[in-house]
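K.L.:
The file below is coords-v3.pdb, PDB, C-alpha atoms and all ligand atoms:
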```
ATOM      1  CA  MET A  15     -16.082  -5.256   8.633  1.00  0.00           C
ATOM      2  CA  GLU A  16     -16.207  -8.699  10.195  1.00  0.00           C
ATOM      3  CA  LYS A  17     -17.485 -10.132   6.960  1.00  0.00           C
ATOM      4  CA  LEU A  18     -14.646  -8.572   5.008  1.00  0.00           C
ATOM      5  CA  GLU A  19     -12.120 -10.016   7.413  1.00  0.00           C
ATOM      6  CA  LYS A  20     -13.655 -13.445   6.938  1.00  0.00           C
ATOM      7  CA  ILE A  21     -13.470 -13.159   3.156  1.00  0.00           C
ATOM      8  CA  LEU A  22      -9.855 -12.050   3.310  1.00  0.00           C
ATOM      9  CA  ARG A  23      -8.926 -14.857   5.659  1.00  0.00           C
ATOM     10  CA  THR A  24     -10.461 -17.446   3.360  1.00  0.00           C
ATOM     11  CA  ARG A  25      -8.680 -15.935   0.400  1.00  0.00           C
ATOM     12  CA  ILE A  26      -5.357 -15.962   2.247  1.00  0.00           C
ATOM     13  CA  ARG A  27      -5.823 -19.608   3.143  1.00  0.00           C
ATOM     14  CA  LYS A  28      -6.692 -20.492  -0.428  1.00  0.00           C
ATOM     15  CA  LEU A  29      -3.564 -18.800  -1.696  1.00  0.00           C
ATOM     16  CA  GLY A  30      -1.511 -20.853   0.728  1.00  0.00           C
ATOM     17  CA  LEU A  31      -0.358 -17.656   2.375  1.00  0.00           C
ATOM     18  CA  ASP A  32      -1.201 -18.810   5.864  1.00  0.00           C
ATOM     19  CA  THR A  33       2.069 -20.657   6.317  1.00  0.00           C
ATOM     20  CA  ARG A  34       4.089 -17.917   4.658  1.00  0.00           C
ATOM     21  CA  ILE A  35       2.612 -15.277   6.930  1.00  0.00           C
ATOM     22  CA  LYS A  36       3.363 -17.404   9.940  1.00  0.00           C
ATOM     23  CA  GLU A  37       6.908 -17.956   8.720  1.00  0.00           C
ATOM     24  CA  LYS A  38       7.423 -14.217   8.406  1.00  0.00           C
ATOM     25  CA  THR A  39       6.232 -13.765  11.975  1.00  0.00           C
ATOM     26  CA  ILE A  40       9.491 -15.413  13.056  1.00  0.00           C
ATOM     27  CA  PHE A  41      11.461 -12.457  11.713  1.00  0.00           C
ATOM     28  CA  LEU A  42       9.251 -10.121  13.665  1.00  0.00           C
ATOM     29  CA  TYR A  43       9.547 -11.914  16.985  1.00  0.00           C
ATOM     30  CA  TRP A  44      13.105 -13.205  16.753  1.00  0.00           C
ATOM     31  CA  GLU A  45      14.423 -11.059  19.623  1.00  0.00           C
ATOM     32  CA  ASP A  46      11.519 -12.183  21.722  1.00  0.00           C
ATOM     33  CA  ILE A  47      12.094 -15.829  20.879  1.00  0.00           C
ATOM     34  CA  VAL A  48      15.845 -16.074  21.469  1.00  0.00           C
ATOM     35  CA  GLY A  49      16.449 -13.151  23.845  1.00  0.00           C
ATOM     36  CA  LYS A  50      20.092 -12.075  24.103  1.00  0.00           C
ATOM     37  CA  LEU A  51      21.080 -14.663  21.514  1.00  0.00           C
ATOM     38  CA  SER A  52      19.581 -12.337  18.914  1.00  0.00           C
ATOM     39  CA  ARG A  53      22.853 -10.382  19.108  1.00  0.00           C
ATOM     40  CA  PHE A  54      24.591 -13.389  17.546  1.00  0.00           C
ATOM     41  CA  SER A  55      21.879 -14.695  15.265  1.00  0.00           C
ATOM     42  CA  THR A  56      19.525 -13.424  12.585  1.00  0.00           C
ATOM     43  CA  PRO A  57      16.834 -15.495  10.891  1.00  0.00           C
ATOM     44  CA  ALA A  58      17.536 -15.543   7.164  1.00  0.00           C
ATOM     45  CA  PHE A  59      15.086 -17.751   5.360  1.00  0.00           C
ATOM     46  CA  VAL A  60      12.469 -20.470   5.700  1.00  0.00           C
ATOM     47  CA  ASN A  61      12.413 -23.265   3.160  1.00  0.00           C
ATOM     48  CA  GLN A  62      10.250 -26.391   3.358  1.00  0.00           C
ATOM     49  CA  GLY A  63       9.823 -26.017   7.083  1.00  0.00           C
ATOM     50  CA  VAL A  64      13.529 -25.490   7.729  1.00  0.00           C
ATOM     51  CA  LEU A  65      14.550 -22.183   9.255  1.00  0.00           C
ATOM     52  CA  PHE A  66      17.986 -20.910   8.246  1.00  0.00           C
ATOM     53  CA  VAL A  67      19.647 -18.683  10.806  1.00  0.00           C
ATOM     54  CA  ASN A  68      22.732 -16.572  10.196  1.00  0.00           C
ATOM     55  CA  VAL A  69      25.442 -16.632  12.845  1.00  0.00           C
ATOM     56  CA  PRO A  70      28.785 -14.767  12.800  1.00  0.00           C
ATOM     57  CA  ASN A  71      31.052 -17.833  12.671  1.00  0.00           C
ATOM     58  CA  SER A  72      31.231 -21.609  13.034  1.00  0.00           C
ATOM     59  CA  VAL A  73      31.887 -21.335  16.783  1.00  0.00           C
ATOM     60  CA  TRP A  74      28.530 -19.629  17.171  1.00  0.00           C
ATOM     61  CA  ALA A  75      26.895 -22.124  14.848  1.00  0.00           C
ATOM     62  CA  HIS A  76      27.907 -24.850  17.300  1.00  0.00           C
ATOM     63  CA  ASN A  77      26.943 -22.758  20.329  1.00  0.00           C
ATOM     64  CA  MET A  78      23.474 -22.234  18.925  1.00  0.00           C
ATOM     65  CA  LEU A  79      22.992 -25.960  18.451  1.00  0.00           C
ATOM     66  CA  ILE A  80      22.681 -26.297  22.236  1.00  0.00           C
ATOM     67  CA  PHE A  81      19.583 -24.129  22.078  1.00  0.00           C
ATOM     68  CA  LYS A  82      18.143 -25.559  18.879  1.00  0.00           C
ATOM     69  CA  HIS A  83      15.318 -27.576  20.406  1.00  0.00           C
ATOM     70  CA  GLU A  84      14.401 -24.855  22.860  1.00  0.00           C
ATOM     71  CA  ILE A  85      14.256 -22.318  20.003  1.00  0.00           C
ATOM     72  CA  LEU A  86      12.219 -24.717  17.856  1.00  0.00           C
ATOM     73  CA  ASN A  87       9.705 -25.189  20.656  1.00  0.00           C
ATOM     74  CA  ARG A  88       9.417 -21.477  21.269  1.00  0.00           C
ATOM     75  CA  ILE A  89       8.906 -20.704  17.580  1.00  0.00           C
ATOM     76  CA  ASN A  90       6.237 -23.343  17.088  1.00  0.00           C
ATOM     77  CA  SER A  91       4.345 -22.435  20.222  1.00  0.00           C
ATOM     78  CA  ARG A  92       4.424 -18.810  19.049  1.00  0.00           C
ATOM     79  CA  LEU A  93       3.128 -19.851  15.609  1.00  0.00           C
ATOM     80  CA  GLY A  94       0.517 -22.134  17.109  1.00  0.00           C
ATOM     81  CA  SER A  95       1.518 -25.133  14.979  1.00  0.00           C
ATOM     82  CA  LYS A  96       4.584 -27.151  14.067  1.00  0.00           C
ATOM     83  CA  ILE A  97       5.438 -25.168  10.968  1.00  0.00           C
ATOM     84  CA  ILE A  98       9.175 -25.202  11.585  1.00  0.00           C
ATOM     85  CA  LYS A  99      10.641 -28.697  11.634  1.00  0.00           C
ATOM     86  CA  ASP A 100      14.339 -27.929  11.839  1.00  0.00           C
ATOM     87  CA  ILE A 101      16.857 -25.111  12.147  1.00  0.00           C
ATOM     88  CA  ARG A 102      20.132 -24.768  10.247  1.00  0.00           C
ATOM     89  CA  PHE A 103      22.789 -22.361  11.405  1.00  0.00           C
ATOM     90  CA  LYS A 104      25.027 -20.838   8.794  1.00  0.00           C
ATOM     91  CA  CYS A 105      27.756 -18.203   8.730  1.00  0.00           C
ATOM     92  CA  GLY A 106      26.400 -14.942   7.413  1.00  0.00           C
ATOM     93  CA  LYS A 107      25.461 -11.388   8.216  1.00  0.00           C
ATOM     94  CA  VAL A 108      24.031 -10.926  11.670  1.00  0.00           C
ATOM     95  CA  GLY A 109      21.932  -8.030  12.887  1.00  0.00           C
ATOM     96  CA  VAL A 110      20.907  -6.868   9.447  1.00  0.00           C
ATOM     97  CA  ARG A 111      17.754  -7.374   7.500  1.00  0.00           C
ATOM     98  CA  ARG A 112      17.873 -10.552   5.504  1.00  0.00           C
ATOM     99  CA  PHE A 113      17.779  -8.793   2.139  1.00  0.00           C
ATOM    100  CA  LYS A 114      21.421  -8.730   1.172  1.00  0.00           C
ATOM    101  CA  GLY A 115      20.590  -7.066  -2.132  1.00  0.00           C
ATOM    102  CA  PHE A 116      19.291  -3.986  -0.369  1.00  0.00           C
ATOM    103  CA  ASP A 117      22.707  -2.439   0.228  1.00  0.00           C
ATOM    104  CA  GLY A 118      24.478  -0.058  -2.134  1.00  0.00           C
ATOM    105  CA  GLU A 119      23.579   0.454  -5.780  1.00  0.00           C
ATOM    106  CA  THR A 120      21.574  -2.747  -6.147  1.00  0.00           C
ATOM    107  CA  GLY A 121      19.706  -1.854  -2.983  1.00  0.00           C
ATOM    108  CA  LYS A 122      18.721   1.523  -4.407  1.00  0.00           C
ATOM    109  CA  LYS A 123      17.492  -0.144  -7.575  1.00  0.00           C
ATOM    110  CA  ILE A 124      15.371  -2.604  -5.606  1.00  0.00           C
ATOM    111  CA  GLU A 125      13.970   0.132  -3.363  1.00  0.00           C
ATOM    112  CA  SER A 126      12.934   2.155  -6.409  1.00  0.00           C
ATOM    113  CA  ILE A 127      10.878  -0.678  -7.905  1.00  0.00           C
ATOM    114  CA  ASP A 128       7.213   0.249  -7.901  1.00  0.00           C
ATOM    115  CA  LEU A 129       4.483  -2.028  -6.663  1.00  0.00           C
ATOM    116  CA  THR A 130       1.063  -1.991  -8.291  1.00  0.00           C
ATOM    117  CA  GLU A 131      -2.028  -1.001  -6.351  1.00  0.00           C
ATOM    118  CA  LYS A 132      -3.138  -4.602  -6.511  1.00  0.00           C
ATOM    119  CA  GLU A 133       0.099  -5.758  -4.938  1.00  0.00           C
ATOM    120  CA  LEU A 134      -0.146  -3.152  -2.190  1.00  0.00           C
ATOM    121  CA  ALA A 135      -3.727  -4.199  -1.503  1.00  0.00           C
ATOM    122  CA  LYS A 136      -2.491  -7.756  -1.177  1.00  0.00           C
ATOM    123  CA  VAL A 137       0.093  -6.631   1.380  1.00  0.00           C
ATOM    124  CA  ASP A 138      -2.656  -4.937   3.387  1.00  0.00           C
ATOM    125  CA  ALA A 139      -4.765  -8.062   3.187  1.00  0.00           C
ATOM    126  CA  ILE A 140      -2.074 -10.395   4.443  1.00  0.00           C
ATOM    127  CA  ALA A 141      -1.076  -8.017   7.260  1.00  0.00           C
ATOM    128  CA  PHE A 142      -4.689  -7.812   8.312  1.00  0.00           C
ATOM    129  CA  HIS A 143      -4.441 -10.425  11.060  1.00  0.00           C
ATOM    130  CA  ILE A 144      -1.840  -8.493  13.078  1.00  0.00           C
ATOM    131  CA  LYS A 145      -3.649  -6.527  15.738  1.00  0.00           C
ATOM    132  CA  ASP A 146      -0.696  -4.529  17.041  1.00  0.00           C
ATOM    133  CA  GLU A 147      -0.268  -1.476  14.828  1.00  0.00           C
ATOM    134  CA  VAL A 148       3.522  -1.138  15.163  1.00  0.00           C
ATOM    135  CA  LEU A 149       4.073  -4.805  14.411  1.00  0.00           C
ATOM    136  CA  ARG A 150       1.650  -4.637  11.516  1.00  0.00           C
ATOM    137  CA  GLU A 151       3.587  -1.768   9.936  1.00  0.00           C
ATOM    138  CA  ARG A 152       6.898  -3.591  10.384  1.00  0.00           C
ATOM    139  CA  PHE A 153       5.388  -6.700   8.895  1.00  0.00           C
ATOM    140  CA  LYS A 154       4.107  -4.757   5.878  1.00  0.00           C
ATOM    141  CA  GLU A 155       7.564  -3.287   5.411  1.00  0.00           C
ATOM    142  CA  ILE A 156       9.036  -6.794   5.286  1.00  0.00           C
ATOM    143  CA  VAL A 157       6.432  -8.027   2.808  1.00  0.00           C
ATOM    144  CA  VAL A 158       6.832  -4.966   0.559  1.00  0.00           C
ATOM    145  CA  LYS A 159      10.603  -5.500   0.450  1.00  0.00           C
ATOM    146  CA  ASP A 160      10.030  -9.141  -0.296  1.00  0.00           C
ATOM    147  CA  LEU A 161       7.775  -8.312  -3.253  1.00  0.00           C
ATOM    148  CA  LYS A 162      10.191  -5.702  -4.602  1.00  0.00           C
ATOM    149  CA  TYR A 163      13.062  -8.132  -4.254  1.00  0.00           C
ATOM    150  CA  ARG A 164      11.083 -10.751  -6.161  1.00  0.00           C
ATOM    151  CA  LYS A 165      10.346  -8.333  -8.985  1.00  0.00           C
ATOM    152  CA  TRP A 166      14.015  -7.425  -9.165  1.00  0.00           C
ATOM    153  CA  LYS A 167      15.003 -11.096  -9.323  1.00  0.00           C
ATOM    154  CA  LEU A 168      12.582 -11.598 -12.221  1.00  0.00           C
ATOM    155  CA  GLN A 169      14.122  -8.607 -14.005  1.00  0.00           C
ATOM    156  CA  GLN A 170      17.530 -10.224 -13.531  1.00  0.00           C
ATOM    157  CA  LYS A 171      16.136 -13.421 -15.028  1.00  0.00           C
ATOM    158  CA  TRP A 172      16.665 -15.563 -11.950  1.00  0.00           C
ATOM    159  CA  LYS A 173      15.321 -19.078 -12.368  1.00  0.00           C
ATOM    160  CA  PRO A 174      12.945 -20.935 -10.027  1.00  0.00           C
ATOM    161  CA  CYS A 175      14.469 -23.782  -8.026  1.00  0.00           C
ATOM    162  CA  VAL A 176      13.125 -27.108  -9.309  1.00  0.00           C
ATOM    163  CA  GLU A 177      12.194 -28.196  -5.804  1.00  0.00           C
ATOM    164  CA  CYS A 178      10.887 -25.196  -3.839  1.00  0.00           C
ATOM    165  CA  LYS A 179      10.160 -22.907  -6.841  1.00  0.00           C
ATOM    166  CA  ARG A 180      11.930 -19.947  -5.245  1.00  0.00           C
ATOM    167  CA  LEU A 181      13.992 -17.774  -7.553  1.00  0.00           C
ATOM    168  CA  HIS A 182      17.768 -18.112  -7.439  1.00  0.00           C
ATOM    169  CA  ASP A 183      20.755 -17.149  -9.577  1.00  0.00           C
ATOM    170  CA  GLU A 184      22.996 -20.176  -9.170  1.00  0.00           C
ATOM    171  CA  LYS A 185      24.108 -22.624 -11.813  1.00  0.00           C
ATOM    172  CA  HIS A 186      22.449 -25.520  -9.997  1.00  0.00           C
ATOM    173  CA  GLN A 187      18.913 -26.781 -10.529  1.00  0.00           C
ATOM    174  CA  LEU A 188      18.336 -26.676  -6.788  1.00  0.00           C
ATOM    175  CA  CYS A 189      18.707 -23.479  -4.788  1.00  0.00           C
ATOM    176  CA  TYR A 190      21.321 -23.186  -2.062  1.00  0.00           C
ATOM    177  CA  TYR A 191      18.755 -23.863   0.661  1.00  0.00           C
ATOM    178  CA  CYS A 192      17.336 -27.014  -0.920  1.00  0.00           C
ATOM    179  CA  ARG A 193      20.872 -28.290  -1.454  1.00  0.00           C
ATOM    180  CA  SER A 194      21.635 -27.654   2.226  1.00  0.00           C
ATOM    181  CA  ILE A 195      18.480 -29.483   3.284  1.00  0.00           C
ATOM    182  CA  ASN A 196      19.544 -32.441   1.179  1.00  0.00           C
ATOM    183  CA  ASN A 197      22.953 -32.385   2.886  1.00  0.00           C
ATOM    184  CA  ASN A 198      21.164 -32.880   6.176  1.00  0.00           C
ATOM    185  CA  ASN A 199      23.559 -30.970   8.424  1.00  0.00           C
ATOM    186  CA  SER A 200      22.553 -28.680  11.253  1.00  0.00           C
ATOM    187  CA  VAL A 201      25.547 -26.458  10.641  1.00  0.00           C
ATOM    188  CA  ILE A 202      26.280 -25.345   7.111  1.00  0.00           C
TER     189      ILE A 202
HETATM  190 ZN    ZN B 301      14.923 -24.609  -3.479  1.00  0.00          ZN
END
```
Re-express the file's structure as structure tokens.
P.N.:
Amino acid sequence: MEKLEKILRTRIRKLGLDTRIKEKTIFLYWEDIVGKLSRFSTPAFVNQGVLFVNVPNSVWAHNMLIFKHEILNRINSRLGSKIIKDIRFKCGKVGVRRFKGFDGETGKKIESIDLTEKELAKVDAIAFHIKDEVLRERFKEIVVKDLKYRKWKLQQKWKPCVECKRLHDEKHQLCYYCRSINNNNSVI
């Protein structure tokens, strides 16, 4: 068993999944990291070391700025390395899962997308490091949704962003997040 874990870990590292797994951990521990502020903020996305957080309005975006460095420190000490370099606060849905496409008709379509056995095995492998069973299941749920969402995007012929390679459906070459990073504002 130990040997298998070692093999999986090496494979995960080789695939560059280490950072991505750690990034996803933020979604899992958000309440823990920001406490009561989680009522007014929901992590949305990580791109090139920048964490995007949804807040209900621009007033809250400015309020959250006060806590930015404290939140950054807490996240990175939780992740065990300085993976997150900056946080951007943006107006958006708060208190919901970050997959906006999962509501309504589109949501049903995404949910009904099947994953292959290989893909499911991959999910198991990357969730392997989480000891707590409840957290592990929640994590797997997030990753499964992520994979289904990606498949759906490919079906819709979304194009990869020229910078971060993530799929998006905008008319720009850069995705929304890369454009925001280039704008260099803490509130967007
Ligand atoms: Zn991008």
K.L.:
To one decimal place in Å, what is the distance between CA of Glu184 in chain A and CA of Gln170 in chain A?
P.N.:
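Separation between CA of Glu184 in chain A and CA of Gln170 in chain A: 12.2 Å.
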K.L.:
Enumerate as a VMD selection string the residues within 9 Å of ligand ZN 301 (chain B), counting only C-alpha atoms and all ligand atoms.
P.N.:
chain A and resid 61 to 62 174 to 182 187 to 193
K.L.:
Convert the output of the PyMOL selection byres (((chain A and resi 103) around 6) and not hetatm) on the shown file into explicit residues, formatted as a VMD selection string.
P.N.:
chain A and resid 66 to 68 75 102 104 201
K.L.:
One decimal, in Å: what's the spacing between CA of Gln169 in chain A and CA of Glu133 in chain A?
P.N.:
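Rounded to one decimal, the two atoms are 16.9 Å apart.
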K.L.:
In Å, with one decimal, what is the gap from CA of Lys162 in chain A to CA of Ile101 in chain A?
P.N.:
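If I compute the distance from CA of Lys162 in chain A to CA of Ile101 in chain A, I get 26.5 Å.
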K.L.:
Residue by residue, what does the PyMOL selection byres (((chain A and resi 127) around 12) and not hetatm) grab here? Present the result as a list in words.
P.N.:
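When the PyMOL selection byres (((chain A and resi 127) around 12) and not hetatm) is applied to the shown file, the picked residues are Phe116, Thr120, Gly121, Lys122, Lys123, Ile124, Glu125, Ser126, Asp128, Leu129, Thr130, Val158, Lys159, Asp160, Leu161, Lys162, Tyr163, Arg164, Lys165, Trp166, Lys167, Leu168 and Gln169 of chain A.
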K.L.:
Counting all atoms listed in the file, which residue out of A:Lys185, A:Arg53, A:Arg152, A:Lys38 sits closest to Lys107 in chain A?
P.N.:
A:Arg53
K.L.:
Can you work out which one of A:Thr39, A:Ser95, A:Asn71, A:Ser52 has the shortest atom-to-atom distance to Ile144 in chain A, counting all atoms listed in the file?
P.N.:
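Among the listed residues, A:Thr39 lies closest to Ile144 in chain A.
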